[in-house]
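S.K.: Have a look at this one before I ask anything.
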Amino acid sequence: YLVTYYKRQVLLFKTGGNKCMKILLNQVTVFRKGTAEKLSVLVEDGRIVSLSKEAPTLSDARVIELKNCSLFPGFVDVHVHLREPGFSYKETIATGTRAAAHGGFTAVCPMPNLKPVPDSLAHLRPQLEAIARDSVIHTYPYGAITVGEQGETLAALEEMAPHVVAFSDDGKGVQDPEKMKQAMRRAKALGKLIVAHCEDESLIQGGYIHDGAYAKAHGHRGNPSASEWKQVERDLALVQETGCAYHVCHVSTKESVELIRSAKREGLDVTCETAPHYLVFHDGMLQEDGRFKMNPPIRGEEDRQALIAGILDGTVDMIATDHAPHSAEEKAGGLEKSLNGIVGLETAFPVLYTELVRPGVLTLAQLIDLMHTNPAKRFGIGAPLEEGATADFTVFDLDAEETIQPEHFLSMGKSSPFAGRSVFGTCLLTICGGKIAWQAEGGASR
């Protein structure tokens, strides 16, 4: 597959190719376990064979020269929407995982708001088949909590459990507390996480952006912060009762952060994620454009600062993109009428590196923990950067500065609030399972 991104031609390889290829990366700065060291990395038969200070001489390896670049463990995104089956006009497993590879991700977890909803093994099977056929990286689907994500009858959790990473009704909050309690008990028995989209629908009352100064000044209906944190509060009480392992999706409010902080202090088995757009934007920065519309909405500046504080003190465990592509028509209705959702797989690292690491808000090691170490540990996926481990890693040129141009995304979705931003950090190579999932043609190899 030959595509163009940021005026650079790029070759993409399907997972079936390069099966036994031996690959050598000479003298890249390898970031692992909080340290950085210049090493040569040798990959063979899908695994990291060696990490050495001296560059080995090999006649049978494909040598990739990426000097003065940085090698990270492959990023792990536990919250994406790949839209297949059912909505392939928005995205497919093929396009979504290629976009992920271009963003440095080697593992993603697609949410179950599909058609059919994966609420049984029979309904999960079409997605599993598409993943096996078309994914260029590791792809671990969710199973739904309830049948059809309707919140009424529990899904076939037991039969799906061996095939899914966790259970979620993402896109909707489970409104019935008794139903959520039952799901938590069954998930605990199965050793699976409940991953919750927290939204009390009775509190939204037609709101579609944050109920803050911008909504009031521009005549928009506001979505109050309580629609999120009230359900977080309810679920944490159920976690205390059931002992379930629980993860909160796309946290956006300061109240949610404080509730989760308190729950962790009490020893509850709770983690959470936020997304890049909640860390960079506040509602005073909104524009009358569908690329600024998502659910939960971009909140106030106090919420943004609370999320950053939550990252720094360990309350917020990880960053996920909530990559949610739609067609151009579905995003053309402004803040009021556009569908919720933006794309983020191809911009997450450069945006976060530019906005948080370069100014000194976070260290690079902290960002790697948020994008790899913490989600990998919590969800039991991903591979470390060590000899003998699966070769899942990505290489970036941290000094390269480019402008985000959605028209060049590999994702079918083009709606991004970061469009036009100048960012540092360009992905040059992503290796997944020892195979090249993404390589910029500009990288020298022989």
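So you can find residues: chains in the structure tokens are A, B, ... in the order shown, residues in each start at 1, and ligands are numbered from 1 in order.
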Pick out each residue of segment 315-417 of chain A that DSSP on the backbone tags as strand (DSSP E or B); I need them as an MDAnalysis selection string.
M.R.: chainID A and resid 318:319 323 390 393:403
S.K.: Write down as a PyMOL selection string the residues belonging to segment 8-178 of chain A that are assigned helix (DSSP H, G or I) by DSSP computed on the backbone.
M.R.: chain A and resi 93-102+121-134+147-149+157-163+177-178
S.K.: With N, CA and C atoms kept, could you save the residues just selected as an mmCIF file, in the first residue's frame?
M.R.:
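Okay, this is what ended up in part-v1.cif:
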```
data_model
loop_
_atom_site.group_PDB
_atom_site.id
_atom_site.type_symbol
_atom_site.label_atom_id
_atom_site.label_comp_id
_atom_site.auth_asym_id
_atom_site.auth_seq_id
_atom_site.Cartn_x
_atom_site.Cartn_y
_atom_site.Cartn_z
ATOM 1 N N ILE A 93 -11.251 -2.133 10.052
ATOM 2 C CA ILE A 93 -10.114 -2.686 10.783
ATOM 3 C C ILE A 93 -8.818 -2.362 10.038
ATOM 4 N N ALA A 94 -8.841 -2.496 8.722
ATOM 5 C CA ALA A 94 -7.634 -2.238 7.920
ATOM 6 C C ALA A 94 -7.181 -0.786 8.054
ATOM 7 N N THR A 95 -8.082 0.166 7.807
ATOM 8 C CA THR A 95 -7.666 1.574 7.841
ATOM 9 C C THR A 95 -7.364 2.036 9.260
ATOM 10 N N GLY A 96 -8.166 1.580 10.225
ATOM 11 C CA GLY A 96 -7.963 2.006 11.606
ATOM 12 C C GLY A 96 -6.657 1.506 12.196
ATOM 13 N N THR A 97 -6.307 0.242 11.922
ATOM 14 C CA THR A 97 -5.058 -0.269 12.485
ATOM 15 C C THR A 97 -3.844 0.294 11.757
ATOM 16 N N ARG A 98 -3.970 0.629 10.492
ATOM 17 C CA ARG A 98 -2.874 1.302 9.807
ATOM 18 C C ARG A 98 -2.667 2.711 10.372
ATOM 19 N N ALA A 99 -3.763 3.379 10.647
ATOM 20 C CA ALA A 99 -3.654 4.692 11.295
ATOM 21 C C ALA A 99 -2.985 4.560 12.655
ATOM 22 N N ALA A 100 -3.354 3.515 13.394
ATOM 23 C CA ALA A 100 -2.754 3.286 14.702
ATOM 24 C C ALA A 100 -1.254 3.053 14.588
ATOM 25 N N ALA A 101 -0.854 2.222 13.629
ATOM 26 C CA ALA A 101 0.574 1.956 13.422
ATOM 27 C C ALA A 101 1.317 3.236 13.074
ATOM 28 N N HIS A 102 0.686 4.079 12.266
ATOM 29 C CA HIS A 102 1.305 5.358 11.919
ATOM 30 C C HIS A 102 1.454 6.261 13.131
ATOM 31 N N LEU A 121 -20.994 -14.698 21.419
ATOM 32 C CA LEU A 121 -19.886 -15.157 20.588
ATOM 33 C C LEU A 121 -20.249 -15.103 19.109
ATOM 34 N N ALA A 122 -21.496 -15.420 18.777
ATOM 35 C CA ALA A 122 -21.929 -15.366 17.382
ATOM 36 C C ALA A 122 -21.834 -13.950 16.833
ATOM 37 N N HIS A 123 -22.200 -12.967 17.639
ATOM 38 C CA HIS A 123 -22.143 -11.573 17.191
ATOM 39 C C HIS A 123 -20.725 -11.002 17.236
ATOM 40 N N LEU A 124 -19.859 -11.609 18.047
ATOM 41 C CA LEU A 124 -18.468 -11.186 18.104
ATOM 42 C C LEU A 124 -17.666 -11.714 16.924
ATOM 43 N N ARG A 125 -18.074 -12.864 16.392
ATOM 44 C CA ARG A 125 -17.274 -13.560 15.392
ATOM 45 C C ARG A 125 -16.949 -12.717 14.149
ATOM 46 N N PRO A 126 -17.894 -11.936 13.578
ATOM 47 C CA PRO A 126 -17.538 -11.124 12.398
ATOM 48 C C PRO A 126 -16.386 -10.153 12.662
ATOM 49 N N GLN A 127 -16.350 -9.599 13.854
ATOM 50 C CA GLN A 127 -15.262 -8.696 14.200
ATOM 51 C C GLN A 127 -13.945 -9.469 14.349
ATOM 52 N N LEU A 128 -13.979 -10.611 14.998
ATOM 53 C CA LEU A 128 -12.779 -11.426 15.149
ATOM 54 C C LEU A 128 -12.221 -11.832 13.788
ATOM 55 N N GLU A 129 -13.108 -12.166 12.856
ATOM 56 C CA GLU A 129 -12.669 -12.569 11.517
ATOM 57 C C GLU A 129 -12.030 -11.399 10.783
ATOM 58 N N ALA A 130 -12.606 -10.206 10.919
ATOM 59 C CA ALA A 130 -12.041 -9.023 10.261
ATOM 60 C C ALA A 130 -10.683 -8.674 10.854
ATOM 61 N N ILE A 131 -10.547 -8.828 12.161
ATOM 62 C CA ILE A 131 -9.262 -8.561 12.813
ATOM 63 C C ILE A 131 -8.206 -9.534 12.303
ATOM 64 N N ALA A 132 -8.546 -10.824 12.269
ATOM 65 C CA ALA A 132 -7.588 -11.833 11.809
ATOM 66 C C ALA A 132 -7.173 -11.593 10.358
ATOM 67 N N ARG A 133 -8.090 -11.094 9.567
ATOM 68 C CA ARG A 133 -7.840 -10.889 8.138
ATOM 69 C C ARG A 133 -7.067 -9.600 7.857
ATOM 70 N N ASP A 134 -7.388 -8.515 8.558
ATOM 71 C CA ASP A 134 -6.953 -7.194 8.102
ATOM 72 C C ASP A 134 -6.102 -6.384 9.068
ATOM 73 N N VAL A 147 -27.082 -6.716 26.183
ATOM 74 C CA VAL A 147 -27.531 -7.089 24.847
ATOM 75 C C VAL A 147 -27.859 -5.820 24.052
ATOM 76 N N GLY A 148 -27.204 -5.691 22.897
ATOM 77 C CA GLY A 148 -27.438 -4.535 22.041
ATOM 78 C C GLY A 148 -27.024 -3.220 22.656
ATOM 79 N N GLU A 149 -26.254 -3.260 23.745
ATOM 80 C CA GLU A 149 -25.916 -2.060 24.524
ATOM 81 C C GLU A 149 -27.172 -1.286 24.918
ATOM 82 N N LEU A 157 -21.712 -12.904 28.712
ATOM 83 C CA LEU A 157 -20.362 -12.584 29.155
ATOM 84 C C LEU A 157 -19.476 -13.815 29.206
ATOM 85 N N GLU A 158 -20.021 -14.929 29.698
ATOM 86 C CA GLU A 158 -19.211 -16.137 29.875
ATOM 87 C C GLU A 158 -18.662 -16.660 28.547
ATOM 88 N N GLU A 159 -19.484 -16.694 27.516
ATOM 89 C CA GLU A 159 -19.001 -17.261 26.254
ATOM 90 C C GLU A 159 -18.077 -16.322 25.506
ATOM 91 N N MET A 160 -18.171 -15.031 25.773
ATOM 92 C CA MET A 160 -17.273 -14.067 25.129
ATOM 93 C C MET A 160 -15.949 -13.916 25.868
ATOM 94 N N ALA A 161 -15.918 -14.218 27.158
ATOM 95 C CA ALA A 161 -14.767 -13.905 28.006
ATOM 96 C C ALA A 161 -13.415 -14.349 27.447
ATOM 97 N N PRO A 162 -13.289 -15.559 26.877
ATOM 98 C CA PRO A 162 -11.969 -15.950 26.364
ATOM 99 C C PRO A 162 -11.514 -15.156 25.142
ATOM 100 N N HIS A 163 -12.405 -14.419 24.528
ATOM 101 C CA HIS A 163 -12.117 -13.773 23.247
ATOM 102 C C HIS A 163 -12.066 -12.250 23.331
ATOM 103 N N PRO A 177 -28.629 0.729 38.047
ATOM 104 C CA PRO A 177 -27.563 0.332 38.965
ATOM 105 C C PRO A 177 -27.588 -1.152 39.302
ATOM 106 N N GLU A 178 -28.763 -1.758 39.363
ATOM 107 C CA GLU A 178 -28.850 -3.186 39.654
ATOM 108 C C GLU A 178 -28.241 -4.005 38.518
#
```
S.K.: Using only C-alpha atoms, which of A:His408, A:Leu364, A:Ala348, A:Leu154 sits nearest Phe75 of chain A?
M.R.: A:Ala348
S.K.: Select from segment 355-412 of chain A every residue with an atom at most 12 Å from any atom of segment 243-261 of chain A, then for each give the shortest pair of atoms and their distance in Å to one decimal, using only C-alpha atoms, rows by chain and rising number, as CSV.
M.R.:
```
residue,atom,partner,partner_atom,distance
A:Pro375,CA,A:His247,CA,10.6
A:Arg378,CA,A:His247,CA,9.2
A:Phe379,CA,A:His247,CA,9.8
```
S.K.: Excluding Pro350 of chain A and its own-chain neighbours fewer than 3 positions away, which residues fall within 7 Å of it when counting only C-alpha atoms? Please give them as a VMD selection string.
M.R.: chain A and resid 347 353 to 354 423 to 426
S.K.: Store the residues picked out above in a file with N, CA and C atoms, as a PDB file, in the first residue's frame.
M.R.:
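Writing done, so here's again-v1.pdb:
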```pdb
ATOM      1  N   THR A 347      -2.371  11.506  15.931  1.00  0.00           N
ATOM      2  CA  THR A 347      -1.906  12.779  16.497  1.00  0.00           C
ATOM      3  C   THR A 347      -1.567  12.687  17.977  1.00  0.00           C
ATOM      4  N   TYR A 353       3.430  15.142  23.310  1.00  0.00           N
ATOM      5  CA  TYR A 353       4.849  15.471  23.445  1.00  0.00           C
ATOM      6  C   TYR A 353       5.053  16.981  23.319  1.00  0.00           C
ATOM      7  N   THR A 354       4.380  17.597  22.359  1.00  0.00           N
ATOM      8  CA  THR A 354       4.533  19.032  22.120  1.00  0.00           C
ATOM      9  C   THR A 354       3.923  19.864  23.238  1.00  0.00           C
ATOM     10  N   VAL A 423       3.361  20.561  15.434  1.00  0.00           N
ATOM     11  CA  VAL A 423       3.751  19.631  16.494  1.00  0.00           C
ATOM     12  C   VAL A 423       5.130  19.056  16.208  1.00  0.00           C
ATOM     13  N   PHE A 424       5.779  18.593  17.270  1.00  0.00           N
ATOM     14  CA  PHE A 424       7.058  17.910  17.174  1.00  0.00           C
ATOM     15  C   PHE A 424       6.841  16.416  17.418  1.00  0.00           C
ATOM     16  N   GLY A 425       7.628  15.609  16.721  1.00  0.00           N
ATOM     17  CA  GLY A 425       7.551  14.169  16.901  1.00  0.00           C
ATOM     18  C   GLY A 425       6.887  13.503  15.721  1.00  0.00           C
ATOM     19  N   THR A 426       7.688  12.908  14.847  1.00  0.00           N
ATOM     20  CA  THR A 426       7.178  12.238  13.655  1.00  0.00           C
ATOM     21  C   THR A 426       7.500  10.752  13.735  1.00  0.00           C
TER      22      THR A 426
END
```
S.K.: When you look at segment 60-66 of chain A with a cut-off of 12 Å (counting only C-alpha atoms), what residues show up, excluding the ones that are within fewer than 4 positions of it in the same chain? I need them as a PyMOL selection string.
M.R.: chain A and resi 18+20-30+38-45+55-56+70-71+394-398+427-431+435-436+439-446
S.K.: How about saving the chosen residues, N, CA and C atoms kept, as a compact mmCIF listing (two decimals), in the first residue's frame?
M.R.:
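After the write, out_20.txt holds the following:
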```txt
# COMPACT_ATOMS: atom_id res chain seq x y z
N ASN A 18 6.75 -10.41 5.40
CA ASN A 18 7.96 -10.29 6.20
C ASN A 18 8.01 -11.27 7.35
N CYS A 20 9.62 -14.04 8.33
CA CYS A 20 10.84 -14.46 9.01
C CYS A 20 11.94 -13.42 8.85
N MET A 21 11.58 -12.19 8.59
CA MET A 21 12.57 -11.17 8.32
C MET A 21 13.41 -10.88 9.56
N LYS A 22 14.70 -10.74 9.33
CA LYS A 22 15.62 -10.30 10.37
C LYS A 22 15.86 -8.81 10.16
N ILE A 23 15.61 -8.01 11.20
CA ILE A 23 15.69 -6.55 11.09
C ILE A 23 16.67 -6.04 12.13
N LEU A 24 17.55 -5.14 11.71
CA LEU A 24 18.51 -4.53 12.62
C LEU A 24 18.35 -3.02 12.57
N LEU A 25 18.13 -2.41 13.73
CA LEU A 25 18.10 -0.95 13.86
C LEU A 25 19.38 -0.54 14.56
N ASN A 26 20.16 0.27 13.89
CA ASN A 26 21.46 0.65 14.41
C ASN A 26 21.41 1.95 15.20
N GLN A 27 21.89 1.89 16.44
CA GLN A 27 22.18 3.06 17.25
C GLN A 27 21.01 4.05 17.34
N VAL A 28 19.93 3.56 17.91
CA VAL A 28 18.79 4.43 18.24
C VAL A 28 18.74 4.60 19.75
N THR A 29 18.14 5.69 20.20
CA THR A 29 18.01 5.93 21.64
C THR A 29 16.79 5.16 22.13
N VAL A 30 17.03 4.14 22.92
CA VAL A 30 15.97 3.24 23.38
C VAL A 30 15.49 3.68 24.75
N LYS A 38 21.58 4.57 24.06
CA LYS A 38 21.78 4.36 22.62
C LYS A 38 22.19 2.91 22.40
N LEU A 39 21.36 2.17 21.63
CA LEU A 39 21.55 0.74 21.43
C LEU A 39 21.25 0.37 19.99
N SER A 40 21.71 -0.81 19.60
CA SER A 40 21.29 -1.44 18.35
C SER A 40 20.31 -2.54 18.69
N VAL A 41 19.24 -2.63 17.93
CA VAL A 41 18.15 -3.56 18.23
C VAL A 41 18.03 -4.56 17.09
N LEU A 42 18.15 -5.84 17.43
CA LEU A 42 18.05 -6.90 16.44
C LEU A 42 16.76 -7.68 16.65
N VAL A 43 15.98 -7.81 15.58
CA VAL A 43 14.70 -8.51 15.61
C VAL A 43 14.77 -9.71 14.67
N GLU A 44 14.30 -10.84 15.18
CA GLU A 44 14.26 -12.04 14.34
C GLU A 44 13.10 -12.93 14.80
N ASP A 45 12.38 -13.50 13.82
CA ASP A 45 11.26 -14.39 14.12
C ASP A 45 10.28 -13.78 15.11
N ALA A 55 27.05 -2.16 17.43
CA ALA A 55 26.24 -2.54 16.27
C ALA A 55 26.78 -3.84 15.69
N PRO A 56 25.98 -4.91 15.69
CA PRO A 56 26.46 -6.17 15.12
C PRO A 56 26.57 -6.09 13.61
N SER A 70 14.40 8.18 18.44
CA SER A 70 14.03 7.59 19.72
C SER A 70 13.12 6.40 19.53
N LEU A 71 13.44 5.29 20.20
CA LEU A 71 12.67 4.06 20.09
C LEU A 71 11.92 3.83 21.40
N THR A 394 8.13 1.32 18.44
CA THR A 394 7.96 2.40 17.47
C THR A 394 9.12 3.37 17.57
N VAL A 395 9.45 4.02 16.46
CA VAL A 395 10.58 4.95 16.40
C VAL A 395 10.08 6.32 15.94
N PHE A 396 10.47 7.35 16.70
CA PHE A 396 10.08 8.73 16.38
C PHE A 396 11.30 9.62 16.24
N ASP A 397 11.19 10.59 15.36
CA ASP A 397 12.13 11.70 15.30
C ASP A 397 11.51 12.83 16.12
N LEU A 398 12.02 13.04 17.31
CA LEU A 398 11.41 14.01 18.23
C LEU A 398 11.70 15.45 17.83
N CYS A 427 6.49 9.92 13.55
CA CYS A 427 6.69 8.48 13.56
C CYS A 427 7.37 8.04 12.27
N LEU A 428 8.50 7.37 12.41
CA LEU A 428 9.25 6.90 11.25
C LEU A 428 9.08 5.40 11.01
N LEU A 429 8.77 4.65 12.08
CA LEU A 429 8.72 3.20 11.96
C LEU A 429 7.91 2.63 13.10
N THR A 430 7.06 1.65 12.80
CA THR A 430 6.40 0.86 13.83
C THR A 430 6.54 -0.61 13.46
N ILE A 431 7.09 -1.37 14.39
CA ILE A 431 7.26 -2.81 14.25
C ILE A 431 6.27 -3.48 15.19
N LYS A 435 7.14 -7.52 12.52
CA LYS A 435 6.85 -7.15 11.14
C LYS A 435 6.65 -5.64 11.03
N ILE A 436 6.98 -5.11 9.89
CA ILE A 436 6.83 -3.67 9.68
C ILE A 436 5.36 -3.34 9.45
N GLN A 439 6.31 2.26 7.93
CA GLN A 439 7.66 2.79 7.74
C GLN A 439 7.61 3.98 6.81
N ALA A 440 8.17 5.10 7.27
CA ALA A 440 8.30 6.26 6.40
C ALA A 440 9.42 6.00 5.41
N GLU A 441 9.17 6.31 4.16
CA GLU A 441 10.17 6.05 3.13
C GLU A 441 11.44 6.83 3.35
N GLY A 442 11.33 7.96 4.06
CA GLY A 442 12.51 8.76 4.33
C GLY A 442 13.53 8.08 5.20
N GLY A 443 13.12 7.00 5.96
CA GLY A 443 14.07 6.30 6.80
C GLY A 443 15.00 5.43 5.97
N ALA A 444 16.30 5.56 6.13
CA ALA A 444 17.26 4.82 5.32
C ALA A 444 17.27 3.36 5.75
N SER A 445 17.29 2.46 4.78
CA SER A 445 17.40 1.02 5.07
C SER A 445 18.11 0.36 3.91
N ARG A 446 18.63 -0.84 4.22
CA ARG A 446 19.31 -1.58 3.16
C ARG A 446 19.17 -3.08 3.42
```
S.K.: Could you check which of A:Gln205, A:Ser227, A:Thr274, A:Ser120 is closest to Thr321 of chain A, using only C-alpha atoms?
M.R.: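 Comparing A:Gln205, A:Ser227, A:Thr274, A:Ser120 against Thr321 of chain A, the winner is A:Thr274.
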S.K.: I'd like the neighbourhood of Lys377 of chain A as a list in words, where a residue qualifies if any of its atoms comes within 12 Å (using only C-alpha atoms), though same-chain residues fewer than 6 positions away should be ignored.
M.R.: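 Contacts, with the query itself left out: Val76, Val78, Thr271, Asp317, Met318, Asp369, Leu370, Met371, Ala383 and Pro384 of chain A.
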S.K.: Output N, CA and C atoms for every residue in the selection just made, as a PDB file, in the first residue's frame.
M.R.:
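Full text of result15.pdb as output:
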```
ATOM      1  N   VAL A  76      -0.102   1.581  23.562  1.00  0.00           N
ATOM      2  CA  VAL A  76      -1.293   0.758  23.782  1.00  0.00           C
ATOM      3  C   VAL A  76      -2.479   1.694  23.982  1.00  0.00           C
ATOM      4  N   VAL A  78      -6.383   1.683  24.782  1.00  0.00           N
ATOM      5  CA  VAL A  78      -7.460   0.804  25.256  1.00  0.00           C
ATOM      6  C   VAL A  78      -8.846   1.328  24.904  1.00  0.00           C
ATOM      7  N   THR A 271      -9.093   2.006  38.016  1.00  0.00           N
ATOM      8  CA  THR A 271      -8.196   2.802  37.183  1.00  0.00           C
ATOM      9  C   THR A 271      -9.044   3.693  36.280  1.00  0.00           C
ATOM     10  N   ASP A 317      -4.485   7.080  35.270  1.00  0.00           N
ATOM     11  CA  ASP A 317      -3.500   6.040  34.999  1.00  0.00           C
ATOM     12  C   ASP A 317      -2.951   6.056  33.579  1.00  0.00           C
ATOM     13  N   MET A 318      -3.777   6.462  32.620  1.00  0.00           N
ATOM     14  CA  MET A 318      -3.372   6.291  31.225  1.00  0.00           C
ATOM     15  C   MET A 318      -4.092   7.290  30.335  1.00  0.00           C
ATOM     16  N   ASP A 369       4.853   5.930  30.131  1.00  0.00           N
ATOM     17  CA  ASP A 369       4.060   5.156  31.090  1.00  0.00           C
ATOM     18  C   ASP A 369       2.566   5.301  30.808  1.00  0.00           C
ATOM     19  N   LEU A 370       2.141   6.512  30.484  1.00  0.00           N
ATOM     20  CA  LEU A 370       0.720   6.769  30.240  1.00  0.00           C
ATOM     21  C   LEU A 370       0.224   6.125  28.954  1.00  0.00           C
ATOM     22  N   MET A 371       1.120   6.011  27.969  1.00  0.00           N
ATOM     23  CA  MET A 371       0.716   5.498  26.662  1.00  0.00           C
ATOM     24  C   MET A 371       1.094   4.039  26.435  1.00  0.00           C
ATOM     25  N   ALA A 383       3.874  -5.481  24.990  1.00  0.00           N
ATOM     26  CA  ALA A 383       5.132  -6.183  25.229  1.00  0.00           C
ATOM     27  C   ALA A 383       6.195  -5.206  25.701  1.00  0.00           C
ATOM     28  N   PRO A 384       7.048  -5.616  26.649  1.00  0.00           N
ATOM     29  CA  PRO A 384       8.128  -4.741  27.112  1.00  0.00           C
ATOM     30  C   PRO A 384       9.268  -4.701  26.107  1.00  0.00           C
TER      31      PRO A 384
END
```
S.K.: In Å, with one decimal, what is the gap from atom CA of Ser338 of chain A to atom CA of Gly219 of chain A?
M.R.: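 We find that atom CA of Ser338 of chain A and atom CA of Gly219 of chain A lie 16.2 Å from each other.
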S.K.: Have a look at A:Leu279, A:Ala196, A:Ala213, A:Leu410 and name the one nearest to Glu233 of chain A; count only C-alpha atoms.
M.R.: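 The closest residue to Glu233 of chain A is A:Ala196.
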S.K.: Can you work out the spacing between atom CA of Glu336 of chain A and atom CA of Leu82 of chain A in Å, to one decimal?
M.R.: 24.1 Å
S.K.: Quick one: everything within 8 Å of Arg291 of chain A, counting only C-alpha atoms, minus sequence neighbours fewer than 5 positions away in the same chain. Send it as a PyMOL selection string.
M.R.: chain A and resi 331+334+341-342+415-417
S.K.: Residues near His197 of chain A, anyone? I mean within 8 Å using only C-alpha atoms, not counting same-chain ones fewer than 2 positions away, as an NGL selection string.
M.R.: :A and (168-174 or 195 or 199 or 248-250)
